[in-house]
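Here the structure comes first, spelled out in structure tokens, and everything after it is commentary.
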Amino acid sequence: MPTWVSYPDEETIQMLRNKVGKYFSVYDMKYEDGIFLFHVDLPKENQIIEQKFNFLRMDLQKINFIPLLRYHNGEYIIFVAYKKKVRGRPLWINILLLVLTIITTTLSGSLLFVSGNTMQMLNEMLIPAKILNGFIFFSLPLLSILGIHEMGHYFAAKKHGVAASLPYFIPIPPNPVLPLGTMGALISMREPIPDRKSLLDIGIAGPLAGFIVAIPVLIIGLHLSSVIPVSSVPKGTPQLGQSLLFSILSNIMIHVPRGYTIELHPTAFAGWVGLLVTAINLLPAGQLDGGHVARAVLKERHRYASFGAIALLASLSFLGGGSWLFMLLIIIFFIGPQHPPALNELMPLDKKRKMLAIAAIIIFILSFTPRPIY
């Protein structure tokens, strides 16, 4: 394996030219600012181009180089750059975070089964029966939604030959104000996405998998829920907004007489959270899951969808009491509106991927809540 230096030696130049020339017809080569530029002629069939580029990507990956296929000034150019291999973190970190999140979500679930002032709730949540209920009826369904969401991304990445970590769960201390016990989960992508098809598949896999699990969780939770008089609800109690799907299912399953309201069972609350997480991830902004889908479909025009999502959250935060303000700040200051392109962004999406993109829009519409808490 060659050692990378600020200016490549002849051995490195020849090796890279041979590897690119193995798959594409190279008629010119340049070297600028640490990047190799191979001017190539492409086959006529998109499928052949896609296959050859993936073979080249995997070939270069072995020696820590990555290719990018672009159309520039009337020519097809394969840019080749050095990229140091990203080492994954040890598996025990994933396991530790999962165990901690099981504990915090179980205790948060236990809190949902108690009432009274803050001190009474904190004392009662440690009763063994409450802890068992918290695990079975809240932690297990919630972590199933979040975990299967992230495993959807993981297996889609593996399918397309992209290195990815197992899920990292994010625990937070149980508290009566935000009785969740977690801020969700994520996986780490250790390599660039090869093409638009891979980008869309990886982006939609998580929300689709989580959404499929959230539906039966919500149905079971609504079956366990009850109706109570509105007069029995303490004044100032926060109310949960209803997404379109939540509204449809609750109207089908629960008859609410005039003057009554639904008291959600903790499992129904887990399903509600699952739909909210799905909607958040499908926002077409930055490198959220919806941002992956938008970049795959719209290419460089994805930024319009990203700015549209930011404008939507800003409007809802201003008009609806600030429920979406936290997510808006995260997008602006941490995620950002931009999304990097795939290595090969030239190949068009097939009909299957276009249908998946439409499915992403439908799932977002069904899951989105204009006012999550009010």
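Please note that chains go A, B, ... in the order of the structure tokens, that every chain numbers its residues from 1, and that ligands are numbered from 1 in the order shown.
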Segment 151-221 of chain A near segment 239-254 of chain A within 10 Å: what's each residue's closest atom pair and its distance in Å to one decimal, counting only C-alpha atoms, ordered by chain then ascending residue number, as JSON lines?
```
{"residue": "A:Ile215", "atom": "CA", "partner": "A:Leu245", "partner_atom": "CA", "distance": 8.9}
{"residue": "A:Leu218", "atom": "CA", "partner": "A:Phe246", "partner_atom": "CA", "distance": 7.9}
{"residue": "A:Ile219", "atom": "CA", "partner": "A:Leu249", "partner_atom": "CA", "distance": 7.2}
```
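Among the candidates A:Met58, A:Leu16, A:Asp289, A:Asn46, the residue lying nearest to His149 of chain A is A:Asp289 (atoms considered: only C-alpha atoms).
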task: Extract the full set of alpha helix (DSSP H) residues from segment 113-339 of chain A according to DSSP on the backbone, and format it as a ChimeraX atom specification.
output: /A:118-124,128-134,140-159,196-224,244-253,266-281,289-298,302-319,325-330
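Those residues that approach Val227 of chain A to within 6 Å, counting only C-alpha atoms, are Thr261, Ile262 and Glu263 of chain A; same-chain residues fewer than 5 positions away are not listed.
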- request: Would you mind reading off the distance between atom CA of Ser306 of chain A and atom CA of Gly147 of chain A, one decimal, in Å?
  value: 26.1 Å
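Here atom CA of Phe79 of chain A is placed at a distance of 15.2 Å from atom CA of Gln14 of chain A.
Pairwise distance (atom CA of Thr369 of chain A, atom CA of Pro337 of chain A) equals 21.4 Å.
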Could you list, as a compact mmCIF listing (two decimals) with C-alpha atoms, in the first residue's frame, every residue within 10 Å of Pro340 of chain A, counting only C-alpha atoms and ignoring same-chain residues fewer than 3 positions away?
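Here's the written file result_12.txt:
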```txt
# COMPACT_ATOMS: atom_id res chain seq x y z
CA PRO A 192 -19.40 8.39 1.64
CA ILE A 193 -22.63 7.22 -0.03
CA GLY A 286 -29.53 18.87 5.90
CA GLN A 287 -28.43 15.34 6.66
CA HIS A 292 -31.00 12.14 2.25
CA ARG A 295 -30.71 15.11 -2.05
CA LYS A 299 -29.64 16.73 -6.35
CA GLU A 300 -28.25 20.27 -5.86
CA LEU A 343 -19.95 9.92 -5.11
```
task: Write down as number ranges by chain the residues belonging to segment 27-124 of chain A that are assigned strand (DSSP E) by DSSP computed on the backbone.
output: A: 27-32, 35-41, 65-72, 75-82
May I have the selected residues written with N, CA and C atoms, as a compact mmCIF listing (two decimals), in the first residue's frame?
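Result written to result_20.txt:
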```txt
# COMPACT_ATOMS: atom_id res chain seq x y z
N TYR A 27 -8.59 9.33 -21.14
CA TYR A 27 -7.87 10.02 -22.22
C TYR A 27 -7.05 11.21 -21.72
N ASP A 28 -7.17 11.55 -20.44
CA ASP A 28 -6.35 12.63 -19.89
C ASP A 28 -6.34 12.50 -18.37
N MET A 29 -5.27 12.99 -17.74
CA MET A 29 -5.16 12.95 -16.30
C MET A 29 -4.46 14.20 -15.79
N LYS A 30 -4.95 14.75 -14.69
CA LYS A 30 -4.33 15.92 -14.06
C LYS A 30 -4.25 15.68 -12.56
N TYR A 31 -3.42 16.52 -11.92
CA TYR A 31 -3.30 16.48 -10.47
C TYR A 31 -3.36 17.90 -9.95
N GLU A 32 -4.37 18.21 -9.13
CA GLU A 32 -4.55 19.57 -8.63
C GLU A 32 -4.92 19.55 -7.15
N ILE A 35 -5.84 16.32 -5.50
CA ILE A 35 -6.91 15.56 -6.14
C ILE A 35 -6.45 15.13 -7.53
N PHE A 36 -6.67 13.85 -7.87
CA PHE A 36 -6.41 13.35 -9.20
C PHE A 36 -7.67 13.52 -10.05
N LEU A 37 -7.51 14.03 -11.27
CA LEU A 37 -8.63 14.22 -12.19
C LEU A 37 -8.41 13.33 -13.40
N PHE A 38 -9.28 12.34 -13.57
CA PHE A 38 -9.20 11.44 -14.71
C PHE A 38 -10.34 11.76 -15.67
N HIS A 39 -10.01 12.24 -16.87
CA HIS A 39 -11.01 12.52 -17.89
C HIS A 39 -11.30 11.21 -18.62
N VAL A 40 -12.58 10.82 -18.63
CA VAL A 40 -12.93 9.49 -19.12
C VAL A 40 -14.07 9.55 -20.12
N ASP A 41 -14.16 8.51 -20.93
CA ASP A 41 -15.32 8.26 -21.78
C ASP A 41 -16.19 7.22 -21.07
N PHE A 65 -8.53 5.35 -0.99
CA PHE A 65 -8.88 6.41 -1.93
C PHE A 65 -10.36 6.31 -2.26
N ILE A 66 -10.97 7.45 -2.60
CA ILE A 66 -12.38 7.45 -3.00
C ILE A 66 -12.53 8.17 -4.34
N PRO A 67 -13.41 7.66 -5.24
CA PRO A 67 -13.66 8.31 -6.52
C PRO A 67 -14.96 9.12 -6.49
N LEU A 68 -15.02 10.18 -7.26
CA LEU A 68 -16.24 10.96 -7.45
C LEU A 68 -16.45 11.15 -8.95
N LEU A 69 -17.61 10.79 -9.46
CA LEU A 69 -17.91 10.93 -10.88
C LEU A 69 -18.74 12.19 -11.08
N ARG A 70 -18.24 13.10 -11.94
CA ARG A 70 -18.92 14.36 -12.18
C ARG A 70 -18.89 14.70 -13.68
N TYR A 71 -19.87 15.53 -14.08
CA TYR A 71 -19.89 16.08 -15.44
C TYR A 71 -19.51 17.54 -15.33
N HIS A 72 -18.39 17.93 -15.94
CA HIS A 72 -17.87 19.28 -15.76
C HIS A 72 -17.34 19.83 -17.09
N GLU A 75 -17.30 17.49 -20.04
CA GLU A 75 -16.51 16.27 -19.93
C GLU A 75 -16.92 15.48 -18.68
N TYR A 76 -16.73 14.17 -18.77
CA TYR A 76 -16.93 13.32 -17.59
C TYR A 76 -15.59 13.14 -16.91
N ILE A 77 -15.56 13.46 -15.62
CA ILE A 77 -14.31 13.43 -14.87
C ILE A 77 -14.51 12.59 -13.61
N ILE A 78 -13.55 11.71 -13.37
CA ILE A 78 -13.52 10.96 -12.12
C ILE A 78 -12.45 11.58 -11.24
N PHE A 79 -12.88 12.20 -10.16
CA PHE A 79 -11.97 12.78 -9.19
C PHE A 79 -11.60 11.68 -8.18
N VAL A 80 -10.32 11.55 -7.90
CA VAL A 80 -9.85 10.55 -6.93
C VAL A 80 -9.09 11.26 -5.83
N ALA A 81 -9.52 11.05 -4.59
CA ALA A 81 -8.90 11.72 -3.45
C ALA A 81 -8.55 10.70 -2.36
N TYR A 82 -7.53 11.03 -1.61
CA TYR A 82 -7.13 10.18 -0.49
C TYR A 82 -8.07 10.41 0.68
```
- prompt: Counting only C-alpha atoms, what is within 10 Å of Val162 of chain A, bar same-chain residues fewer than 6 positions away, as a list in words?
  reply: Met58, Tyr154, Phe155, Ala156, Met189, Arg190, Glu191, Pro192, Ile193, Pro194, Ser198 and Ile202 of chain A
Please produce a file of the residues just selected, as a PDB file, in the first residue's frame, where the atoms kept are C-alpha atoms.
```pdb
ATOM      1  CA  MET A  58     -14.482  -0.898  -3.886  1.00  0.00           C
ATOM      2  CA  TYR A 154     -27.702  -0.126   9.236  1.00  0.00           C
ATOM      3  CA  PHE A 155     -28.869  -2.991   7.021  1.00  0.00           C
ATOM      4  CA  ALA A 156     -29.508  -0.670   4.059  1.00  0.00           C
ATOM      5  CA  MET A 189     -21.708   6.414   8.540  1.00  0.00           C
ATOM      6  CA  ARG A 190     -17.990   5.781   8.062  1.00  0.00           C
ATOM      7  CA  GLU A 191     -17.885   6.112   4.288  1.00  0.00           C
ATOM      8  CA  PRO A 192     -19.396   8.393   1.637  1.00  0.00           C
ATOM      9  CA  ILE A 193     -22.635   7.224  -0.026  1.00  0.00           C
ATOM     10  CA  PRO A 194     -21.911   5.693  -3.465  1.00  0.00           C
ATOM     11  CA  SER A 198     -28.003   4.087  -2.184  1.00  0.00           C
ATOM     12  CA  ILE A 202     -30.394   4.339   3.308  1.00  0.00           C
TER      13      ILE A 202
END
```
Can you tell me which residues surround segment 332-336 of chain A at a distance of at most 8 Å, considering only C-alpha atoms, apart from same-chain residues fewer than 2 positions away, and format the answer as a PDB file with C-alpha atoms, in the first residue's frame?
```pdb
ATOM      1  CA  ALA A 285     -33.277  19.367   5.828  1.00  0.00           C
ATOM      2  CA  GLY A 286     -29.529  18.867   5.895  1.00  0.00           C
ATOM      3  CA  GLN A 287     -28.428  15.341   6.659  1.00  0.00           C
ATOM      4  CA  LEU A 288     -31.631  14.203   8.333  1.00  0.00           C
ATOM      5  CA  ILE A 310     -36.564  25.603   8.060  1.00  0.00           C
ATOM      6  CA  LEU A 328     -35.226  24.492  14.337  1.00  0.00           C
ATOM      7  CA  LEU A 329     -32.147  25.556  16.324  1.00  0.00           C
ATOM      8  CA  ILE A 330     -30.573  22.105  15.936  1.00  0.00           C
ATOM      9  CA  GLN A 338     -26.650  21.521   3.103  1.00  0.00           C
TER      10      GLN A 338
END
```
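Taking only C-alpha atoms into account, Ile102 of chain A lies nearest to A:Leu180 out of the set A:Leu166, A:Leu325, A:Leu180, A:Leu282.
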Hey, what's within 12 Å of segment 86-99 of chain A if we count only C-alpha atoms and toss same-chain stuff fewer than 6 positions away? As an mmCIF file with C-alpha atoms, in the first residue's frame, please?
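Here's the written file around31.cif:
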```
data_model
loop_
_atom_site.group_PDB
_atom_site.id
_atom_site.type_symbol
_atom_site.label_atom_id
_atom_site.label_comp_id
_atom_site.auth_asym_id
_atom_site.auth_seq_id
_atom_site.Cartn_x
_atom_site.Cartn_y
_atom_site.Cartn_z
ATOM 1 C CA GLN A 61 -11.385 1.679 -1.000
ATOM 2 C CA ASN A 64 -7.856 4.463 1.169
ATOM 3 C CA THR A 105 -36.610 4.733 29.642
ATOM 4 C CA THR A 106 -37.855 2.103 32.114
ATOM 5 C CA SER A 139 -39.347 1.182 27.406
ATOM 6 C CA LEU A 140 -39.768 -1.960 25.300
ATOM 7 C CA LEU A 143 -36.834 1.297 22.102
ATOM 8 C CA SER A 144 -38.256 -1.171 19.585
ATOM 9 C CA LEU A 146 -36.095 3.624 17.776
ATOM 10 C CA GLY A 147 -33.878 0.557 17.486
ATOM 11 C CA ALA A 163 -19.545 0.874 6.432
ATOM 12 C CA ALA A 164 -21.791 1.944 9.299
ATOM 13 C CA SER A 165 -21.840 1.531 13.054
ATOM 14 C CA LEU A 166 -24.464 -0.207 15.129
ATOM 15 C CA PRO A 167 -26.945 2.166 16.844
ATOM 16 C CA TYR A 168 -25.796 4.531 19.575
ATOM 17 C CA PHE A 169 -28.697 5.174 21.962
ATOM 18 C CA ILE A 170 -28.767 8.507 23.798
ATOM 19 C CA PRO A 171 -30.001 8.231 27.399
ATOM 20 C CA ILE A 172 -31.248 11.190 29.434
ATOM 21 C CA GLY A 181 -35.486 8.702 29.146
ATOM 22 C CA THR A 182 -33.850 9.090 25.739
ATOM 23 C CA MET A 183 -33.123 11.572 23.003
ATOM 24 C CA GLY A 184 -33.282 8.828 20.382
ATOM 25 C CA ALA A 185 -30.550 6.886 18.636
ATOM 26 C CA LEU A 186 -28.219 7.243 15.676
ATOM 27 C CA ILE A 187 -25.701 5.348 13.595
ATOM 28 C CA SER A 188 -22.380 6.599 12.287
ATOM 29 C CA MET A 189 -21.708 6.414 8.540
ATOM 30 C CA ARG A 190 -17.990 5.781 8.062
ATOM 31 C CA GLU A 191 -17.885 6.112 4.288
ATOM 32 C CA PRO A 192 -19.396 8.393 1.637
#
```
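The smallest atom-to-atom distance between Gly271 of chain A and any of A:Val293, A:Ala214, A:Val114, A:Ile127, using only C-alpha atoms, is found for A:Ala214.
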